[in-house]
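Colleague: My questions will all concern the structure given below.
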Amino acid sequence: RPVAVGGLSVLHVPMYHPAAALHNPSLWHVLVKDFIRLQEEMQPAAVAVQPVYTLGTPMDALVASARSGLLGFDLETTSPQRDGVFVTQEAGPVGFSISWADNESMYVPYNPASITDVLESPLWEKVCHNAKFEYGVLARQGTRLDNYHDTKLAAWLLQYPSTHLKVLARQLLRRDPITYDEVTQGRDMADIPPEEVVNYAAADADNTRLLWQKLLPELHKQGLYDLYEQVELPLVPVLVGMETAGIGVDEAATRQVQAELDAAIEEAGSRAARLLPGVRITSTEQLAKALEAMGAPIKDRTEAKHLLKTDIEHLAAIHDWHPTLVDAVLDYRTFCKLATYAKGFLSKRGQDGRLHPDFVQAGYGEEWSDKSSYAPVTGRLSCREPNLQNIPHYGRARDLTEWGDRLRRCLIPQTGWVLVAGDISQEEPRITAFVAKDPAMQASFGTGTSVYAPIGEAIYGYPIGKATHPKEWHLAKTFFLSWVYGAHWSKMLELDPAMSKATAQRGVARLATRYRQIDAFRREVETELRAAGYVQDWFGRRRWLPKIYGNRQDQAEAIREAVNMHIQGPAATVIKMAMIRLVDRALAACATSPHSCCA
């Protein structure tokens, strides 16, 4: 924005100093975007146009819609919360904004059902930012959004550092929009006079429409439009359906598990307290200082306070130094983590008694926070409030598999229905065989031989099966994938501290001998990454990895993540395609025989 300096109006463009990327290579991609923006800002400025934002009625919106086939659309809703978290499923419409031309938009403080004909018509393209939210709110009102686009999904695929609407407006449109906090000032949107909302709300629709006109050419230029149109966009209704249906909770079983976990936490805490008197086990700082005083052989330290690292991996690595102490600390942490799931199953239930988690597709939801890490960059979905995808199942704590199974059994179908689980057998190894072109691995799948069984036998000395040896099978699977991604044999000792050095080395040697093409595949990926600064998977999904230009440790990490992207990226896309097709079939079945359809 222009800033007065010495009587002159100087254009001020905030950006990272180039040295920042030298200290933190993850900022490299952000820095590139900053320089592109700086170049754009230095071009001769176009004549500034003052946006025209008005307050309108549903009839005004219908008349305005007739002027254009491309509409920016945005909803304003109530802000229900539970446990301090925005409850998407219970948000109700307060009004909507519609933009039909550049810099022209109106806010209509009425239910969007008043323009259902426009929203459901394929004749208009409706552009939303975070369309999953708009789609869900409208669906609960009985309106099915059709022919829509999503600037948030587009920006996410294009790897913008932030996909927040306000940030993108500043970065790409040279605008400084009003924020939600500025307009609400702690109030619910339903309690604010429409006159105070109009500039904020109308700007969202206008900015969304303008952003689409910038992002659409970028999608085509980077070869990402097909992925956007054929996979990510059709997934929106699927996720909305999943979130809306939710899943039931067995309250009695959950409370029983919670009570037992609370007892396990107290017991593990007592063991730790006897070994570390006066140390608050929940404090990583106190624990680190106590372990250092005891001479714990941990080499790595935190950057901020230079304390010993006490995460699970580092504690597991020193298990032989003090097994009783390490077991007590890790058991305590594990049981505390498990207990959060049980408590969340009860506290996060909706008004219908069911859990309605958010499935995160594109970084984060505009309605809750700006944390892009919530959606993995490989394209996989993540889940929150509560997270039903990562209920612990395997690990170091005693009987963890049993605890994981018990927590899963707390999630139940409604009476008369059944839960059906679906999975792709050995999806990642199959993709590895395909993208790496490894003949031995392809031959294994051609004959129906598991790639995990021989590795498990090499490690344990006896044949293993998924049903008969679940823990050994899981370790062999994790061992295999870690090796494919480039992990050193010592990584295997973190997976199972009881494993000997010789066993880990024997397992890696067996893999390297059996699947010789994997090393060549890793080298090809490294060459691709060094040349471009990013890798692009089979479906065109990109991942920028600027750490390849950092120090030796950063480079090694970037190469591992690049190999991972070539496998995890297609795996994520294949699962999304399967979800879309399965839902289409389920809906078709519902149309012919309602009793054959289940959620």
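Starting from 1 in every chain, residues are counted up; chains themselves are A, B, ... following the order of the structure tokens, and ligands are numbered from 1 as listed.
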May I have the residues within 12 Å of Leu381 in chain A as a PyMOL selection string, using only C-alpha atoms and disregarding those fewer than 2 positions away in the same chain?

Modeller: chain A and resi 232+235-236+239+358-364+373-379+383-384+387-390+568-569+571-576+579

Colleague: With N, CA and C atoms retained, write the just-selected residues as a tab-separated table (two decimals), in the first residue's frame.

Modeller:
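Final output, saved to result22.tsv:
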chain	number	residue	atom	x	y	z
A	232	GLU	N	-10.75	-32.95	-7.54
A	232	GLU	CA	-10.96	-32.15	-6.34
A	232	GLU	C	-12.37	-31.55	-6.27
A	235	LEU	N	-15.24	-33.93	-5.51
A	235	LEU	CA	-15.15	-34.51	-4.17
A	235	LEU	C	-15.93	-33.68	-3.14
A	236	VAL	N	-16.18	-32.41	-3.45
A	236	VAL	CA	-16.84	-31.51	-2.50
A	236	VAL	C	-18.18	-32.08	-2.01
A	239	LEU	N	-17.67	-35.08	0.40
A	239	LEU	CA	-17.25	-34.72	1.76
A	239	LEU	C	-18.39	-34.10	2.54
A	358	ASP	N	-14.91	-32.47	10.47
A	358	ASP	CA	-14.55	-31.72	9.26
A	358	ASP	C	-13.49	-32.53	8.51
A	359	PHE	N	-13.75	-32.80	7.23
A	359	PHE	CA	-12.74	-33.42	6.38
A	359	PHE	C	-12.06	-32.32	5.59
A	360	VAL	N	-10.77	-32.17	5.82
A	360	VAL	CA	-10.02	-31.03	5.30
A	360	VAL	C	-9.42	-31.39	3.95
A	361	GLN	N	-9.80	-30.63	2.94
A	361	GLN	CA	-9.38	-30.91	1.58
A	361	GLN	C	-8.31	-29.95	1.08
A	362	ALA	N	-8.39	-28.69	1.50
A	362	ALA	CA	-7.53	-27.67	0.91
A	362	ALA	C	-6.88	-26.78	1.96
A	363	GLY	N	-6.11	-27.37	2.83
A	363	GLY	CA	-5.34	-26.56	3.76
A	363	GLY	C	-6.03	-26.35	5.09
A	364	TYR	N	-7.13	-25.65	5.10
A	364	TYR	CA	-7.84	-25.35	6.33
A	364	TYR	C	-9.15	-24.70	5.95
A	373	SER	N	-1.26	-26.67	7.36
A	373	SER	CA	-0.74	-28.00	7.65
A	373	SER	C	-1.85	-29.01	7.90
A	374	TYR	N	-3.09	-28.56	8.10
A	374	TYR	CA	-4.16	-29.50	8.37
A	374	TYR	C	-4.42	-30.41	7.17
A	375	ALA	N	-4.13	-29.99	5.96
A	375	ALA	CA	-4.30	-30.85	4.79
A	375	ALA	C	-2.93	-31.20	4.24
A	376	PRO	N	-2.57	-32.47	4.24
A	376	PRO	CA	-1.25	-32.86	3.75
A	376	PRO	C	-1.00	-32.38	2.32
A	377	VAL	N	0.23	-31.94	2.05
A	377	VAL	CA	0.55	-31.38	0.74
A	377	VAL	C	0.55	-32.44	-0.34
A	378	THR	N	0.55	-33.72	0.04
A	378	THR	CA	0.51	-34.78	-0.94
A	378	THR	C	-0.86	-34.92	-1.59
A	379	GLY	N	-1.86	-34.22	-1.05
A	379	GLY	CA	-3.21	-34.32	-1.59
A	379	GLY	C	-4.14	-35.19	-0.77
A	383	CYS	N	-8.55	-34.94	8.81
A	383	CYS	CA	-9.83	-34.90	9.52
A	383	CYS	C	-9.62	-34.20	10.86
A	384	ARG	N	-10.62	-33.47	11.30
A	384	ARG	CA	-10.49	-32.75	12.57
A	384	ARG	C	-11.85	-32.62	13.25
A	387	ASN	N	-10.61	-35.99	15.04
A	387	ASN	CA	-9.85	-36.67	14.00
A	387	ASN	C	-10.15	-38.17	14.07
A	388	LEU	N	-10.93	-38.65	13.11
A	388	LEU	CA	-11.31	-40.07	13.10
A	388	LEU	C	-10.38	-40.90	12.22
A	389	GLN	N	-9.44	-40.25	11.53
A	389	GLN	CA	-8.56	-40.98	10.62
A	389	GLN	C	-7.33	-41.54	11.32
A	390	ASN	N	-6.94	-40.96	12.44
A	390	ASN	CA	-5.66	-41.33	13.05
A	390	ASN	C	-5.81	-41.82	14.48
A	568	GLN	N	2.70	-41.07	-2.51
A	568	GLN	CA	1.55	-40.62	-1.74
A	568	GLN	C	0.59	-39.78	-2.57
A	569	GLY	N	1.13	-38.98	-3.50
A	569	GLY	CA	0.26	-38.14	-4.34
A	569	GLY	C	-0.73	-38.97	-5.15
A	571	ALA	N	-1.57	-42.02	-4.65
A	571	ALA	CA	-2.41	-42.78	-3.71
A	571	ALA	C	-3.59	-41.94	-3.25
A	572	ALA	N	-3.33	-40.67	-2.94
A	572	ALA	CA	-4.40	-39.78	-2.50
A	572	ALA	C	-5.42	-39.56	-3.61
A	573	THR	N	-4.94	-39.35	-4.82
A	573	THR	CA	-5.85	-39.09	-5.94
A	573	THR	C	-6.69	-40.31	-6.26
A	574	VAL	N	-6.09	-41.49	-6.24
A	574	VAL	CA	-6.83	-42.72	-6.52
A	574	VAL	C	-7.95	-42.92	-5.50
A	575	ILE	N	-7.64	-42.68	-4.22
A	575	ILE	CA	-8.66	-42.83	-3.18
A	575	ILE	C	-9.80	-41.83	-3.41
A	576	LYS	N	-9.46	-40.60	-3.77
A	576	LYS	CA	-10.51	-39.61	-4.02
A	576	LYS	C	-11.38	-40.01	-5.20
A	579	MET	N	-13.71	-42.67	-4.03
A	579	MET	CA	-14.79	-42.12	-3.21
A	579	MET	C	-15.88	-41.52	-4.08

Colleague: Of the residues A:Thr334, A:Gln159, A:Asn207, A:Gln426, which is the one nearest to Gln536 in chain A, using only C-alpha atoms?

Modeller: A:Gln159

Colleague: Using backbone DSSP assignments, extract all alpha helix (DSSP H) residues from range 280-529 of chain A; output them as a PyMOL selection string.

Modeller: chain A and resi 284-293+312-317+323-347+400-408+427-436+439-446+452-460+470-484+491-495+501-514+517-529

Colleague: May I have the residues within 12 Å of Ser347 in chain A as a PDB file with N, CA, C and O atoms, in the first residue's frame, using only C-alpha atoms and disregarding those fewer than 3 positions away in the same chain?

Modeller:
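result.pdb was written with the following content:
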ATOM      1  N   GLN A  81     -20.637 -22.550  18.301  1.00  0.00           N
ATOM      2  CA  GLN A  81     -19.383 -23.131  18.759  1.00  0.00           C
ATOM      3  C   GLN A  81     -19.643 -24.209  19.805  1.00  0.00           C
ATOM      4  O   GLN A  81     -20.638 -24.180  20.526  1.00  0.00           O
ATOM      5  N   ARG A  82     -18.739 -25.166  19.844  1.00  0.00           N
ATOM      6  CA  ARG A  82     -18.760 -26.193  20.869  1.00  0.00           C
ATOM      7  C   ARG A  82     -17.312 -26.447  21.278  1.00  0.00           C
ATOM      8  O   ARG A  82     -16.460 -26.692  20.426  1.00  0.00           O
ATOM      9  N   ASP A  83     -17.034 -26.399  22.543  1.00  0.00           N
ATOM     10  CA  ASP A  83     -15.660 -26.524  23.045  1.00  0.00           C
ATOM     11  C   ASP A  83     -14.742 -25.500  22.400  1.00  0.00           C
ATOM     12  O   ASP A  83     -13.572 -25.765  22.129  1.00  0.00           O
ATOM     13  N   GLY A  84     -15.282 -24.301  22.123  1.00  0.00           N
ATOM     14  CA  GLY A  84     -14.480 -23.238  21.540  1.00  0.00           C
ATOM     15  C   GLY A  84     -14.160 -23.416  20.072  1.00  0.00           C
ATOM     16  O   GLY A  84     -13.330 -22.698  19.521  1.00  0.00           O
ATOM     17  N   VAL A  85     -14.824 -24.360  19.407  1.00  0.00           N
ATOM     18  CA  VAL A  85     -14.570 -24.643  17.992  1.00  0.00           C
ATOM     19  C   VAL A  85     -15.829 -24.371  17.179  1.00  0.00           C
ATOM     20  O   VAL A  85     -16.940 -24.717  17.599  1.00  0.00           O
ATOM     21  N   VAL A 249     -22.199 -42.693  18.189  1.00  0.00           N
ATOM     22  CA  VAL A 249     -21.278 -42.968  19.292  1.00  0.00           C
ATOM     23  C   VAL A 249     -21.987 -43.819  20.339  1.00  0.00           C
ATOM     24  O   VAL A 249     -23.114 -43.508  20.754  1.00  0.00           O
ATOM     25  N   GLU A 251     -22.296 -44.347  23.765  1.00  0.00           N
ATOM     26  CA  GLU A 251     -21.917 -43.543  24.921  1.00  0.00           C
ATOM     27  C   GLU A 251     -21.431 -44.391  26.080  1.00  0.00           C
ATOM     28  O   GLU A 251     -20.414 -44.074  26.718  1.00  0.00           O
ATOM     29  N   THR A 254     -17.990 -45.774  25.382  1.00  0.00           N
ATOM     30  CA  THR A 254     -16.995 -44.703  25.385  1.00  0.00           C
ATOM     31  C   THR A 254     -16.638 -44.283  26.805  1.00  0.00           C
ATOM     32  O   THR A 254     -15.464 -44.070  27.132  1.00  0.00           O
ATOM     33  N   ARG A 255     -17.646 -44.155  27.650  1.00  0.00           N
ATOM     34  CA  ARG A 255     -17.374 -43.762  29.040  1.00  0.00           C
ATOM     35  C   ARG A 255     -16.568 -44.847  29.767  1.00  0.00           C
ATOM     36  O   ARG A 255     -15.728 -44.538  30.621  1.00  0.00           O
ATOM     37  N   THR A 340      -7.834 -38.479  24.904  1.00  0.00           N
ATOM     38  CA  THR A 340      -8.415 -37.316  24.211  1.00  0.00           C
ATOM     39  C   THR A 340      -9.431 -37.767  23.165  1.00  0.00           C
ATOM     40  O   THR A 340     -10.395 -37.051  22.891  1.00  0.00           O
ATOM     41  N   TYR A 341      -9.214 -38.940  22.575  1.00  0.00           N
ATOM     42  CA  TYR A 341     -10.174 -39.444  21.595  1.00  0.00           C
ATOM     43  C   TYR A 341     -11.495 -39.794  22.280  1.00  0.00           C
ATOM     44  O   TYR A 341     -12.576 -39.432  21.805  1.00  0.00           O
ATOM     45  N   ALA A 342     -11.404 -40.522  23.388  1.00  0.00           N
ATOM     46  CA  ALA A 342     -12.626 -40.906  24.105  1.00  0.00           C
ATOM     47  C   ALA A 342     -13.409 -39.670  24.554  1.00  0.00           C
ATOM     48  O   ALA A 342     -14.633 -39.597  24.393  1.00  0.00           O
ATOM     49  N   LYS A 343     -12.698 -38.692  25.106  1.00  0.00           N
ATOM     50  CA  LYS A 343     -13.367 -37.470  25.554  1.00  0.00           C
ATOM     51  C   LYS A 343     -13.971 -36.711  24.373  1.00  0.00           C
ATOM     52  O   LYS A 343     -15.063 -36.160  24.464  1.00  0.00           O
ATOM     53  N   GLY A 344     -13.226 -36.680  23.260  1.00  0.00           N
ATOM     54  CA  GLY A 344     -13.721 -35.984  22.073  1.00  0.00           C
ATOM     55  C   GLY A 344     -14.958 -36.630  21.495  1.00  0.00           C
ATOM     56  O   GLY A 344     -15.866 -35.939  20.998  1.00  0.00           O
ATOM     57  N   GLY A 350     -22.865 -33.724  17.931  1.00  0.00           N
ATOM     58  CA  GLY A 350     -23.792 -32.690  17.514  1.00  0.00           C
ATOM     59  C   GLY A 350     -25.119 -32.794  18.248  1.00  0.00           C
ATOM     60  O   GLY A 350     -25.302 -33.621  19.147  1.00  0.00           O
ATOM     61  N   GLN A 351     -26.065 -31.969  17.840  1.00  0.00           N
ATOM     62  CA  GLN A 351     -27.373 -31.962  18.482  1.00  0.00           C
ATOM     63  C   GLN A 351     -28.113 -33.281  18.291  1.00  0.00           C
ATOM     64  O   GLN A 351     -29.004 -33.618  19.069  1.00  0.00           O
ATOM     65  N   GLY A 353     -26.622 -36.137  18.500  1.00  0.00           N
ATOM     66  CA  GLY A 353     -25.883 -37.165  19.214  1.00  0.00           C
ATOM     67  C   GLY A 353     -24.799 -37.844  18.396  1.00  0.00           C
ATOM     68  O   GLY A 353     -24.140 -38.766  18.881  1.00  0.00           O
ATOM     69  N   ARG A 354     -24.606 -37.411  17.164  1.00  0.00           N
ATOM     70  CA  ARG A 354     -23.617 -38.021  16.277  1.00  0.00           C
ATOM     71  C   ARG A 354     -22.407 -37.104  16.097  1.00  0.00           C
ATOM     72  O   ARG A 354     -22.510 -35.887  16.299  1.00  0.00           O
ATOM     73  N   LEU A 355     -21.280 -37.687  15.723  1.00  0.00           N
ATOM     74  CA  LEU A 355     -20.085 -36.905  15.418  1.00  0.00           C
ATOM     75  C   LEU A 355     -20.133 -36.443  13.974  1.00  0.00           C
ATOM     76  O   LEU A 355     -20.468 -37.218  13.081  1.00  0.00           O
ATOM     77  N   HIS A 356     -19.805 -35.172  13.761  1.00  0.00           N
ATOM     78  CA  HIS A 356     -19.790 -34.614  12.407  1.00  0.00           C
ATOM     79  C   HIS A 356     -18.435 -33.933  12.175  1.00  0.00           C
ATOM     80  O   HIS A 356     -18.317 -32.710  12.240  1.00  0.00           O
ATOM     81  N   GLU A 385     -11.791 -32.397  14.534  1.00  0.00           N
ATOM     82  CA  GLU A 385     -12.959 -32.112  15.392  1.00  0.00           C
ATOM     83  C   GLU A 385     -14.101 -33.139  15.270  1.00  0.00           C
ATOM     84  O   GLU A 385     -15.223 -32.772  14.941  1.00  0.00           O
ATOM     85  N   PRO A 386     -13.849 -34.398  15.649  1.00  0.00           N
ATOM     86  CA  PRO A 386     -12.559 -34.967  16.035  1.00  0.00           C
ATOM     87  C   PRO A 386     -11.875 -35.637  14.842  1.00  0.00           C
ATOM     88  O   PRO A 386     -12.480 -35.831  13.789  1.00  0.00           O
TER      89      PRO A 386
END

Colleague: Ranking A:Val63, A:Ala154, A:Ile192, A:Leu511 by minimum distance to Glu218 in chain A and counting only C-alpha atoms, which one comes first?

Modeller: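 Ranked by minimum distance to Glu218 in chain A, first place goes to A:Ala154.
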
Colleague: Which residues are near range 470-484 of chain A? Cut-off 9 Å, only C-alpha atoms, ignore same chain within fewer than 2 positions. Put them as an MDAnalysis selection string.

Modeller: chainID A and resid 394 401 426 428:429 432 451:457 459:460 464:468 486:489 491:492 495:496 507:508 511:512 518:519 522 560 563:564

Colleague: Only C-alpha atoms, please: the residues just picked out, written as a CSV table (one decimal), in the first residue's frame.

Modeller:
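part17.csv, written as the output of this step:
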chain,number,residue,atom,x,y,z
A,394,TYR,CA,0.1,-49.6,16.6
A,401,THR,CA,-3.8,-52.5,19.4
A,426,GLN,CA,-1.2,-52.6,-0.7
A,428,GLU,CA,1.3,-47.7,-2.0
A,429,PRO,CA,3.5,-50.7,-3.0
A,432,THR,CA,5.6,-47.8,-6.2
A,451,VAL,CA,5.8,-57.5,-1.0
A,452,TYR,CA,5.6,-57.5,2.8
A,453,ALA,CA,5.7,-61.2,3.5
A,454,PRO,CA,9.3,-61.8,2.3
A,455,ILE,CA,10.6,-58.8,4.2
A,456,GLY,CA,8.8,-59.9,7.4
A,457,GLU,CA,10.3,-63.4,7.0
A,459,ILE,CA,13.3,-59.9,9.8
A,460,TYR,CA,11.6,-62.5,12.0
A,464,ILE,CA,4.1,-64.0,8.5
A,465,GLY,CA,0.5,-63.2,7.4
A,466,LYS,CA,-1.7,-60.2,7.9
A,467,ALA,CA,-4.3,-62.1,9.7
A,468,THR,CA,-2.1,-64.4,11.7
A,486,GLY,CA,15.1,-43.6,1.4
A,487,ALA,CA,15.3,-44.2,5.2
A,488,HIS,CA,18.6,-45.5,6.6
A,489,TRP,CA,18.5,-48.9,8.2
A,491,LYS,CA,15.3,-45.8,11.1
A,492,MET,CA,14.0,-49.4,11.5
A,495,LEU,CA,10.0,-48.7,14.6
A,496,ASP,CA,11.0,-51.5,16.9
A,507,GLY,CA,16.1,-56.6,6.1
A,508,VAL,CA,17.4,-53.6,4.1
A,511,LEU,CA,14.9,-55.3,0.0
A,512,ALA,CA,17.8,-53.8,-2.0
A,518,ILE,CA,14.2,-48.6,-6.5
A,519,ASP,CA,17.6,-47.0,-6.2
A,522,ARG,CA,15.2,-42.4,-6.3
A,560,ARG,CA,12.8,-38.4,0.8
A,563,VAL,CA,10.0,-39.8,-3.4
A,564,ASN,CA,7.1,-39.8,-1.0

Colleague: For Glu494 in chain A, find every residue with an atom within 8 Å (counting only C-alpha atoms), except residues of its own chain fewer than 3 positions away, and show them as a compact mmCIF listing (two decimals) with N, CA and C atoms, in the first residue's frame.

Modeller:
# COMPACT_ATOMS: atom_id res chain seq x y z
N GLU A 313 10.28 -40.58 19.19
CA GLU A 313 11.41 -41.19 18.48
C GLU A 313 12.69 -41.14 19.30
N ALA A 316 12.39 -43.44 22.37
CA ALA A 316 12.46 -44.86 21.98
C ALA A 316 13.89 -45.27 21.66
N ALA A 317 14.65 -44.33 21.11
CA ALA A 317 16.03 -44.63 20.73
C ALA A 317 16.93 -44.90 21.93
N SER A 490 18.98 -47.56 10.24
CA SER A 490 18.81 -47.21 11.65
C SER A 490 17.39 -46.74 11.95
N LYS A 491 16.68 -46.25 10.92
CA LYS A 491 15.29 -45.82 11.12
C LYS A 491 14.44 -47.00 11.58
N PRO A 497 12.32 -50.90 18.86
CA PRO A 497 13.57 -50.82 19.65
C PRO A 497 14.14 -52.20 19.99

Colleague: Identify, on the basis of only C-alpha atoms, every residue whose closest approach to Gln414 in chain A does not exceed 12 Å; exclude the query and any residue fewer than 4 positions from it along the same chain; express the result as number ranges by chain.

Modeller: A: 245-250, 352-354, 418-419, 598-599

Colleague: Save the residues we just selected, C-alpha atoms, as a PDB file, in the first residue's frame?

Modeller:
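Dumped to part16.pdb:
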ATOM      1  CA  ALA A 245     -24.308 -37.978   7.875  1.00  0.00           C
ATOM      2  CA  GLY A 246     -21.705 -38.226  10.610  1.00  0.00           C
ATOM      3  CA  ILE A 247     -21.333 -41.346  12.720  1.00  0.00           C
ATOM      4  CA  GLY A 248     -22.954 -42.596  15.905  1.00  0.00           C
ATOM      5  CA  VAL A 249     -21.278 -42.968  19.292  1.00  0.00           C
ATOM      6  CA  ASP A 250     -21.841 -45.741  21.839  1.00  0.00           C
ATOM      7  CA  ASP A 352     -28.358 -35.325  16.996  1.00  0.00           C
ATOM      8  CA  GLY A 353     -25.883 -37.165  19.214  1.00  0.00           C
ATOM      9  CA  ARG A 354     -23.617 -38.021  16.277  1.00  0.00           C
ATOM     10  CA  VAL A 418     -24.133 -51.640   9.279  1.00  0.00           C
ATOM     11  CA  LEU A 419     -20.722 -50.017   8.857  1.00  0.00           C
ATOM     12  CA  CYS A 598     -26.353 -46.909   3.183  1.00  0.00           C
ATOM     13  CA  ALA A 599     -24.314 -43.907   4.372  1.00  0.00           C
TER      14      ALA A 599
END

Colleague: Given the choices A:Pro570, A:Pro161, A:Gly448, A:Gly550, which gets closest to Ala20 in chain A if the distance is worked out from only C-alpha atoms?

Modeller: A:Gly550

Colleague: Nearest to Ser114 in chain A: which of A:Cys128, A:Ala61, A:Ala532, A:Ala421 is it, counting only C-alpha atoms?

Modeller: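 When distances to Ser114 in chain A are compared using only C-alpha atoms, the smallest one comes from A:Ala61.
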
Colleague: Taking into account only C-alpha atoms, which residue in the set A:Pro439, A:Gly533, A:Gly95, A:Gly142 is nearest to Val32 in chain A?

Modeller: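 When distances to Val32 in chain A are compared using only C-alpha atoms, the smallest one comes from A:Gly533.
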
Colleague: Counting only C-alpha atoms, what is within 9 Å of Thr208 in chain A, bar same-chain residues fewer than 6 positions away, as number ranges by chain?

Modeller: A: 72-74, 99, 127-129, 150-151, 165, 169

Colleague: Going by DSSP on the backbone, which residues of range 288-476 of chain A come out as strand (DSSP E)? List them as a ChimeraX atom specification.

Modeller: /A:358-360,382-384,411-412

Colleague: In Å to one decimal, how far is CA of Tyr534 in chain A from CA of Ala562 in chain A?

Modeller: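 Interatomic distance here is 7.9 Å.
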